[in-house]
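Chemist: For reference, the structure I am asking about is given below.
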Amino acid sequence: MYDTLWVNANLATMRTGGVPYGAITDGAIAISGDKIAWAGTRTELPDSPEKLALEVRDAKGAWITPGLVDCHTHLVYGGNRANEFEMRLGGATYEDIARAGGGIVSTVRKTREASDAELTATGTKRLERLLAEGVTTVEIKSGYGLDLETELRMLKVARSLGETHPVTVKTTFLGAHALPAEYKGRADAYIDFVADEVLPQAAKEGLADAVDVFCEVIGFTPEQTIRVFESAKARNLPVKLHADQRSDFGGAALAAKYGALSADHIEFAGEAGIAAMGAAGTVGVLLPGAFYFLREHQLPPVDALRRHGVPIALATDSNPGSSPLLSILLAMNFACTLFRLTPEEALAGITRNGAKALGLGKTHGTIEKGKVADLAFWEVGSPAELAYAMGANPCVRVVRDGVEAKVIRSPGRRGA
């Protein structure tokens with residue numbers, strides 16, 4: 001017998017090759033242990049629900065999607081940069097803010113000064129906002145320590161959040177995020193430090209599920225990126241890349257060459273780089289929160305991604321400097337309104353393709369037999385409403401690993 005059978009449900013399975021959203025109306029879904037055991041129309045059930053499951057539950061007509069995936073975040077850090085936001089609106093330039101001690105160096109300073117308890121407390125508040133919107137899987141990067149001790153502490157705090165909350169946390173080592181002040185003018189020496197000391201220690205302690213680099217004119221060069229990627233490869237860690245956000249720096253092609261799980265941002269990626277991603281199976285992660293917050297103008301090459309069959313994922317990119325976004329649903333709306341994704345593409349971006357971007361495509365991201373029973377229940381008339389209603393949160397129930405999780409309501413949000 002099944003452990004639980006949900007009836008009177010509408011399923012957005014997000015499986016490909018059929019009707020939009022992989023939709024099943026008047027459906028049912030069965031759970032055994034932490035896995036989906038069956039999903040289909042209620043009329044296809046082989047017997048009465050009571051004879052099939054230990055517990056039969058009424059979904060009351062809710063739409064059920066896979067649990068949502070936020071595949072690119074920086075949730076663990078100290079302080080915030082609201083003052084810089086205010087300064088920019090008052091006309092201050094990037095250089096003005098940097099001279100005043102702002103920018104990423106301010107977050108590095110505050111993160112280094114924060115205790116583990118403080119990082120955990122602030123990270124928890126941010127994470128709970130995402131969980132309230134049906135997120136059951138989240139990636140959390142390091143990258144605001146830029147030294148051995150703080151980078152490892154960030155990863156440990158991120159891991160601990162997955163142990164104390166109903167969410168799967170995948171950690172990414174992003175030591176090559178920026179050049180710390182103590183290495184000013186010595187970028188190659190810092191990359192040696194990251195590749196030879198910090199990354200190996202993170203791998204030895206089992207703290208990283210993947211490795212990322214900020215490859216950009218204002219970040220690290222392709223040659224320096226390769227240095228970090230080779231260190232990751234030697235330790236059997238998959239790679240990801242902050243790529244082509246401000247220029248076509250060859251990041252998309254480099255990510256593809258190394259079989260990266262994803263290339264993220266990619267606003268300036270050219271046709272050749274996108275084609276290489278398609279051939280390599282590298283996911284393109286679009287981050288509309290940063291595009292909006294920074295008032296960017298270069299749209300990501302969505303048509304090229306479609307043309308070359310690159311899976312498109314979305315994420316909040318939640319971070320203090322360029323995307324202080326804590327709503328995956330608003331990220332969907334941004335992606336539709338700013339990038340012209342369809343609502344179905346946006347939902348695929350935070351389910352099926354978001355899971356692929358974390359190497360979880362075989363176990364998460366769709367509703368089908370054998371996959372992990374991570375589910376979100378929505379009080380909506382159609383899945384398109386998830387991308388449509390700005391500021392609404394119609395999530396009414398979350399199931400993770402087959403068990404119903406407590407939904408912590410975010411302040412100021414209500415169902416549509």
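Letters A, B, ... mark the chains of the structure tokens in the order given; residue numbers begin at 1 per chain; ligand numbers begin at 1, in order shown.
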With a cut-off of 12 Å, could you pull out the residues of segment 305-392 of chain A touching segment 199-223 of chain A and give me the nearest pair of atoms for each, distance in Å to one decimal, using only C-alpha atoms, ordered by chain and ascending number, as CSV?
Modeler:
residue,atom,partner,partner_atom,distance
A:Ala357,CA,A:Ala210,CA,10.8
A:Leu358,CA,A:Ala210,CA,8.5
A:Gly359,CA,A:Ala210,CA,9.5
A:Leu360,CA,A:Asp209,CA,11.4
Chemist: Using DSSP on the backbone, list every residue of segment 129-281 of chain A that comes out as helix (DSSP H, G or I), and give them as an MDAnalysis selection string.
Modeler: chainID A and resid 129:131 148:164 181:183 187:204 222:234 251:257 271:280
Chemist: With only C-alpha atoms as the counted atoms, please give the residues lying no more than 7 Å from segment 362-370 of chain A, apart from itself and same-chain residues fewer than 3 positions off, as a ChimeraX atom specification.
Modeler: /A:13-15,35-39,66,351-352,355
Chemist: Output the selection as a short mmCIF file (atom, residue, chain, number, x, y, z; two decimals), in the first residue's frame - C-alpha atoms for each residue.
Modeler:
data_model
loop_
_atom_site.label_atom_id
_atom_site.label_comp_id
_atom_site.auth_asym_id
_atom_site.auth_seq_id
_atom_site.Cartn_x
_atom_site.Cartn_y
_atom_site.Cartn_z
CA THR A 13 4.09 17.50 -13.48
CA MET A 14 6.53 19.57 -15.60
CA ARG A 15 7.32 16.49 -17.64
CA LYS A 35 9.38 8.92 -3.18
CA ILE A 36 6.52 9.48 -5.59
CA ALA A 37 4.95 6.07 -6.17
CA TRP A 38 2.26 6.95 -8.67
CA ALA A 39 0.74 9.98 -10.42
CA PRO A 66 7.30 19.84 -7.94
CA THR A 351 11.59 23.09 -11.19
CA ARG A 352 12.91 20.78 -13.92
CA ALA A 355 17.19 20.77 -10.62
#
Chemist: With distances taken over only C-alpha atoms, which residue among A:Thr107, A:Thr171, A:Thr136, A:Thr25 lies nearest Gly402 of chain A?
Modeler: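 When distances to Gly402 of chain A are compared using only C-alpha atoms, the smallest one comes from A:Thr136.
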Chemist: Excluding segment 83-86 of chain A and its own-chain neighbours fewer than 2 positions away, which residues fall within 10 Å of it when counting only C-alpha atoms? Please give them as a VMD selection string.
Modeler: chain A and resid 80 to 81 88 to 94 96 to 98 100 102 to 103 293 to 294 320 to 322
Chemist: Put those residues in a file: C-alpha atoms, as a PDB file, in the first residue's frame.
Modeler:
ATOM      1  CA  ASN A  80      23.580  44.436   4.065  1.00  0.00           C
ATOM      2  CA  ARG A  81      24.209  47.231   1.576  1.00  0.00           C
ATOM      3  CA  ARG A  88      23.351  55.144  -5.968  1.00  0.00           C
ATOM      4  CA  LEU A  89      19.869  56.643  -6.115  1.00  0.00           C
ATOM      5  CA  GLY A  90      21.429  59.906  -4.941  1.00  0.00           C
ATOM      6  CA  GLY A  91      23.850  59.879  -7.875  1.00  0.00           C
ATOM      7  CA  ALA A  92      26.924  58.171  -6.395  1.00  0.00           C
ATOM      8  CA  THR A  93      29.048  56.162  -8.823  1.00  0.00           C
ATOM      9  CA  TYR A  94      30.578  52.745  -8.277  1.00  0.00           C
ATOM     10  CA  ASP A  96      32.302  56.830  -5.079  1.00  0.00           C
ATOM     11  CA  ILE A  97      30.893  53.862  -3.184  1.00  0.00           C
ATOM     12  CA  ALA A  98      34.196  51.988  -3.326  1.00  0.00           C
ATOM     13  CA  ALA A 100      33.599  55.135   0.916  1.00  0.00           C
ATOM     14  CA  GLY A 102      31.466  50.020   0.086  1.00  0.00           C
ATOM     15  CA  GLY A 103      31.022  47.329  -2.516  1.00  0.00           C
ATOM     16  CA  PHE A 293      18.168  45.849  -9.481  1.00  0.00           C
ATOM     17  CA  LEU A 294      21.167  47.055 -11.498  1.00  0.00           C
ATOM     18  CA  PRO A 320      23.382  41.967  -0.671  1.00  0.00           C
ATOM     19  CA  GLY A 321      24.883  43.943  -3.532  1.00  0.00           C
ATOM     20  CA  SER A 322      23.087  43.274  -6.790  1.00  0.00           C
TER      21      SER A 322
END
Chemist: Counting only C-alpha atoms, figure out which residue out of A:Gly270, A:Pro383, A:Pro166, A:Gly251 gets nearest to Ile226 of chain A.
Modeler: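 For Ile226 of chain A, the nearest of the candidates is A:Gly251.
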Chemist: Of the candidates A:Val399, A:Leu347, A:Lys356, A:Gly250, which shows the shortest atom-to-atom distance to Tyr21 of chain A, using only C-alpha atoms?
Modeler: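 Closest to Tyr21 of chain A of all the choices is A:Leu347.
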Chemist: Which neighbours of Ala384 of chain A fall inside 10 Å, counting only C-alpha atoms, when residues of the same chain fewer than 3 positions from it are skipped, and could you give them as a PyMOL selection string?
Modeler: chain A and resi 21+342-344+346-347+380-381+387-389
Chemist: Residues of the last selection are to be written out with N, CA, C and O atoms, as an mmCIF file, in the first residue's frame.
Modeler:
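Ended up saving to part_14.cif:
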data_model
loop_
_atom_site.group_PDB
_atom_site.id
_atom_site.type_symbol
_atom_site.label_atom_id
_atom_site.label_comp_id
_atom_site.auth_asym_id
_atom_site.auth_seq_id
_atom_site.Cartn_x
_atom_site.Cartn_y
_atom_site.Cartn_z
ATOM 1 N N TYR A 21 2.814 22.305 -19.290
ATOM 2 C CA TYR A 21 3.063 22.068 -17.869
ATOM 3 C C TYR A 21 3.011 20.573 -17.497
ATOM 4 O O TYR A 21 3.091 20.237 -16.326
ATOM 5 N N THR A 342 7.938 32.505 -21.326
ATOM 6 C CA THR A 342 6.542 32.167 -21.094
ATOM 7 C C THR A 342 6.389 31.721 -19.636
ATOM 8 O O THR A 342 7.364 31.293 -18.998
ATOM 9 N N PRO A 343 5.194 31.794 -19.061
ATOM 10 C CA PRO A 343 4.998 31.278 -17.707
ATOM 11 C C PRO A 343 5.396 29.810 -17.564
ATOM 12 O O PRO A 343 5.921 29.415 -16.513
ATOM 13 N N GLU A 344 5.186 29.029 -18.598
ATOM 14 C CA GLU A 344 5.590 27.619 -18.529
ATOM 15 C C GLU A 344 7.115 27.495 -18.490
ATOM 16 O O GLU A 344 7.666 26.696 -17.714
ATOM 17 N N ALA A 346 9.124 29.735 -17.322
ATOM 18 C CA ALA A 346 9.547 30.230 -16.019
ATOM 19 C C ALA A 346 9.376 29.160 -14.943
ATOM 20 O O ALA A 346 10.256 28.969 -14.090
ATOM 21 N N LEU A 347 8.252 28.436 -14.972
ATOM 22 C CA LEU A 347 8.042 27.390 -13.983
ATOM 23 C C LEU A 347 9.011 26.235 -14.197
ATOM 24 O O LEU A 347 9.538 25.666 -13.233
ATOM 25 N N VAL A 380 -4.494 28.220 -6.808
ATOM 26 C CA VAL A 380 -4.576 29.005 -8.037
ATOM 27 C C VAL A 380 -5.484 28.291 -9.020
ATOM 28 O O VAL A 380 -5.738 27.091 -8.907
ATOM 29 N N GLY A 381 -5.943 29.052 -10.008
ATOM 30 C CA GLY A 381 -6.788 28.460 -11.036
ATOM 31 C C GLY A 381 -6.004 27.840 -12.169
ATOM 32 O O GLY A 381 -6.527 26.988 -12.903
ATOM 33 N N ALA A 387 3.402 32.997 -12.051
ATOM 34 C CA ALA A 387 4.247 34.043 -12.618
ATOM 35 C C ALA A 387 3.513 35.371 -12.754
ATOM 36 O O ALA A 387 4.151 36.416 -12.891
ATOM 37 N N TYR A 388 2.213 35.316 -12.684
ATOM 38 C CA TYR A 388 1.382 36.488 -12.990
ATOM 39 C C TYR A 388 1.186 37.441 -11.813
ATOM 40 O O TYR A 388 1.334 38.658 -11.956
ATOM 41 N N ALA A 389 0.879 36.921 -10.640
ATOM 42 C CA ALA A 389 0.422 37.759 -9.531
ATOM 43 C C ALA A 389 1.600 38.274 -8.715
ATOM 44 O O ALA A 389 2.127 37.595 -7.842
#
Chemist: List the spatial neighbours of segment 252-258 of chain A as an mmCIF file with all heavy atoms, in the first residue's frame - criterion: any atom at most 8 Å away, only C-alpha atoms, same-chain residues fewer than 2 positions off excluded.
Modeler:
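Once written, around_29.cif looks like this:
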data_model
loop_
_atom_site.group_PDB
_atom_site.id
_atom_site.type_symbol
_atom_site.label_atom_id
_atom_site.label_comp_id
_atom_site.auth_asym_id
_atom_site.auth_seq_id
_atom_site.Cartn_x
_atom_site.Cartn_y
_atom_site.Cartn_z
ATOM 1 N N PRO A 222 39.755 34.036 -17.899
ATOM 2 C CA PRO A 222 39.562 32.632 -18.248
ATOM 3 C C PRO A 222 40.727 31.753 -17.801
ATOM 4 O O PRO A 222 40.514 30.614 -17.349
ATOM 5 C CB PRO A 222 39.431 32.671 -19.772
ATOM 6 C CG PRO A 222 38.854 34.025 -20.060
ATOM 7 C CD PRO A 222 39.494 34.938 -19.055
ATOM 8 N N PHE A 229 39.171 25.541 -11.960
ATOM 9 C CA PHE A 229 38.426 24.393 -12.494
ATOM 10 C C PHE A 229 39.278 23.117 -12.469
ATOM 11 O O PHE A 229 38.765 22.027 -12.184
ATOM 12 C CB PHE A 229 37.976 24.685 -13.924
ATOM 13 C CG PHE A 229 36.700 25.477 -14.026
ATOM 14 C CD1 PHE A 229 36.099 26.025 -12.906
ATOM 15 C CD2 PHE A 229 36.093 25.676 -15.263
ATOM 16 C CE1 PHE A 229 34.916 26.751 -12.998
ATOM 17 C CE2 PHE A 229 34.915 26.387 -15.370
ATOM 18 C CZ PHE A 229 34.325 26.928 -14.242
ATOM 19 N N VAL A 239 31.624 21.788 -11.724
ATOM 20 C CA VAL A 239 31.842 23.233 -11.748
ATOM 21 C C VAL A 239 30.622 23.963 -12.295
ATOM 22 O O VAL A 239 29.781 23.391 -12.997
ATOM 23 C CB VAL A 239 33.092 23.606 -12.569
ATOM 24 C CG1 VAL A 239 34.339 23.003 -11.940
ATOM 25 C CG2 VAL A 239 32.947 23.171 -14.027
ATOM 26 N N LYS A 240 30.553 25.246 -11.929
ATOM 27 C CA LYS A 240 29.561 26.189 -12.419
ATOM 28 C C LYS A 240 30.316 27.472 -12.742
ATOM 29 O O LYS A 240 31.488 27.592 -12.395
ATOM 30 C CB LYS A 240 28.492 26.446 -11.350
ATOM 31 C CG LYS A 240 27.817 25.193 -10.810
ATOM 32 C CD LYS A 240 27.056 25.449 -9.529
ATOM 33 C CE LYS A 240 25.811 26.260 -9.771
ATOM 34 N NZ LYS A 240 24.780 25.503 -10.506
ATOM 35 N N LEU A 241 29.655 28.445 -13.362
ATOM 36 C CA LEU A 241 30.384 29.664 -13.705
ATOM 37 C C LEU A 241 29.462 30.875 -13.745
ATOM 38 O O LEU A 241 28.393 30.846 -14.348
ATOM 39 C CB LEU A 241 31.059 29.510 -15.076
ATOM 40 C CG LEU A 241 32.105 30.577 -15.425
ATOM 41 C CD1 LEU A 241 33.289 30.521 -14.466
ATOM 42 C CD2 LEU A 241 32.591 30.401 -16.866
ATOM 43 N N ALA A 243 29.117 33.765 -15.667
ATOM 44 C CA ALA A 243 29.677 33.932 -17.004
ATOM 45 C C ALA A 243 29.019 35.060 -17.786
ATOM 46 O O ALA A 243 27.788 35.201 -17.779
ATOM 47 C CB ALA A 243 29.516 32.621 -17.792
ATOM 48 N N ASP A 244 29.831 35.847 -18.470
ATOM 49 C CA ASP A 244 29.378 36.791 -19.486
ATOM 50 C C ASP A 244 28.251 37.702 -18.999
ATOM 51 O O ASP A 244 27.313 38.001 -19.734
ATOM 52 C CB ASP A 244 28.936 36.035 -20.750
ATOM 53 C CG ASP A 244 30.051 35.181 -21.327
ATOM 54 O OD1 ASP A 244 31.223 35.519 -21.112
ATOM 55 O OD2 ASP A 244 29.748 34.162 -21.992
ATOM 56 N N GLY A 250 33.915 35.009 -23.063
ATOM 57 C CA GLY A 250 34.177 33.603 -23.375
ATOM 58 C C GLY A 250 33.761 32.650 -22.270
ATOM 59 O O GLY A 250 34.115 31.469 -22.302
ATOM 60 N N ALA A 260 30.367 22.102 -17.394
ATOM 61 C CA ALA A 260 29.789 22.738 -16.211
ATOM 62 C C ALA A 260 28.312 22.400 -16.069
ATOM 63 O O ALA A 260 27.583 22.261 -17.061
ATOM 64 C CB ALA A 260 29.967 24.252 -16.293
ATOM 65 N N SER A 262 26.202 24.494 -14.969
ATOM 66 C CA SER A 262 25.482 25.672 -15.440
ATOM 67 C C SER A 262 26.438 26.818 -15.721
ATOM 68 O O SER A 262 27.540 26.874 -15.184
ATOM 69 C CB SER A 262 24.437 26.120 -14.405
ATOM 70 O OG SER A 262 25.067 26.637 -13.239
ATOM 71 N N ALA A 263 25.978 27.717 -16.574
ATOM 72 C CA ALA A 263 26.608 29.019 -16.765
ATOM 73 C C ALA A 263 25.541 30.040 -16.409
ATOM 74 O O ALA A 263 24.434 30.009 -16.954
ATOM 75 C CB ALA A 263 27.080 29.204 -18.201
ATOM 76 N N ILE A 266 24.945 35.220 -18.087
ATOM 77 C CA ILE A 266 25.115 35.028 -19.544
ATOM 78 C C ILE A 266 24.408 36.072 -20.410
ATOM 79 O O ILE A 266 24.089 35.784 -21.571
ATOM 80 C CB ILE A 266 24.736 33.604 -20.003
ATOM 81 C CG1 ILE A 266 23.287 33.248 -19.679
ATOM 82 C CG2 ILE A 266 25.680 32.580 -19.380
ATOM 83 C CD1 ILE A 266 22.847 31.888 -20.293
ATOM 84 N N ALA A 269 26.561 36.499 -23.531
ATOM 85 C CA ALA A 269 27.079 35.300 -24.206
ATOM 86 C C ALA A 269 26.714 35.324 -25.688
ATOM 87 O O ALA A 269 25.581 35.630 -26.067
ATOM 88 C CB ALA A 269 26.523 34.047 -23.547
ATOM 89 N N ALA A 272 28.208 31.385 -30.408
ATOM 90 C CA ALA A 272 29.104 30.227 -30.318
ATOM 91 C C ALA A 272 29.120 29.642 -28.911
ATOM 92 O O ALA A 272 29.117 28.423 -28.721
ATOM 93 C CB ALA A 272 30.517 30.625 -30.743
ATOM 94 N N GLY A 273 29.138 30.527 -27.920
ATOM 95 C CA GLY A 273 29.126 30.049 -26.538
ATOM 96 C C GLY A 273 27.839 29.328 -26.189
ATOM 97 O O GLY A 273 27.847 28.288 -25.515
ATOM 98 N N ILE A 274 26.711 29.860 -26.672
ATOM 99 C CA ILE A 274 25.417 29.228 -26.416
ATOM 100 C C ILE A 274 25.344 27.873 -27.109
ATOM 101 O O ILE A 274 24.857 26.886 -26.537
ATOM 102 C CB ILE A 274 24.273 30.143 -26.886
ATOM 103 C CG1 ILE A 274 24.274 31.458 -26.101
ATOM 104 C CG2 ILE A 274 22.933 29.435 -26.745
ATOM 105 C CD1 ILE A 274 24.097 31.296 -24.619
ATOM 106 N N ALA A 276 27.831 25.936 -27.760
ATOM 107 C CA ALA A 276 28.681 25.018 -26.998
ATOM 108 C C ALA A 276 27.959 24.525 -25.744
ATOM 109 O O ALA A 276 28.069 23.343 -25.374
ATOM 110 C CB ALA A 276 29.986 25.715 -26.620
ATOM 111 N N MET A 277 27.222 25.399 -25.090
ATOM 112 C CA MET A 277 26.445 24.990 -23.922
ATOM 113 C C MET A 277 25.409 23.938 -24.299
ATOM 114 O O MET A 277 25.216 22.942 -23.582
ATOM 115 C CB MET A 277 25.746 26.204 -23.297
ATOM 116 C CG MET A 277 26.675 27.157 -22.569
ATOM 117 S SD MET A 277 25.798 28.663 -22.008
ATOM 118 C CE MET A 277 24.582 27.950 -20.879
ATOM 119 N N ALA A 279 25.522 21.814 -26.759
ATOM 120 C CA ALA A 279 26.183 20.538 -27.063
ATOM 121 C C ALA A 279 26.665 19.836 -25.802
ATOM 122 O O ALA A 279 26.688 18.605 -25.723
ATOM 123 C CB ALA A 279 27.350 20.781 -28.017
ATOM 124 N N ALA A 280 27.046 20.627 -24.793
ATOM 125 C CA ALA A 280 27.596 20.048 -23.562
ATOM 126 C C ALA A 280 26.528 19.696 -22.531
ATOM 127 O O ALA A 280 26.819 19.027 -21.540
ATOM 128 C CB ALA A 280 28.580 21.039 -22.940
ATOM 129 N N GLY A 281 25.287 20.169 -22.744
ATOM 130 C CA GLY A 281 24.237 19.931 -21.764
ATOM 131 C C GLY A 281 24.318 20.854 -20.568
ATOM 132 O O GLY A 281 23.740 20.570 -19.513
ATOM 133 N N THR A 282 25.023 21.965 -20.715
ATOM 134 C CA THR A 282 25.157 22.944 -19.637
ATOM 135 C C THR A 282 23.902 23.809 -19.559
ATOM 136 O O THR A 282 23.444 24.345 -20.564
ATOM 137 C CB THR A 282 26.386 23.836 -19.870
ATOM 138 O OG1 THR A 282 27.567 23.025 -19.814
ATOM 139 C CG2 THR A 282 26.494 24.935 -18.836
#
Chemist: Give me, please, the distance in Å between atom CA of Leu152 of chain A and atom CA of Val198 of chain A, quoted to one decimal.
Modeler: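 Taking atom CA of Leu152 of chain A as the start and atom CA of Val198 of chain A as the end point, the length is 8.0 Å.
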Chemist: Would you mind telling me which residue in A:Leu329, A:Ala187, A:Ala181, A:Val69 lies nearest to Val105 of chain A when using only C-alpha atoms?
Modeler: A:Ala181
Chemist: Tell me which of A:Ile191, A:Ala132, A:Ala331, A:Ile312 sits closest to Glu230 of chain A, counting only C-alpha atoms.
Modeler: A:Ile191
Chemist: Could you pull out the residues in segment 137-307 of chain A that DSSP calls strand (DSSP E or B) from the backbone, as an NGL selection string?
Modeler: :A and (137-141 or 168-176 or 210-215 or 220 or 239-243 or 262-265 or 283-286)
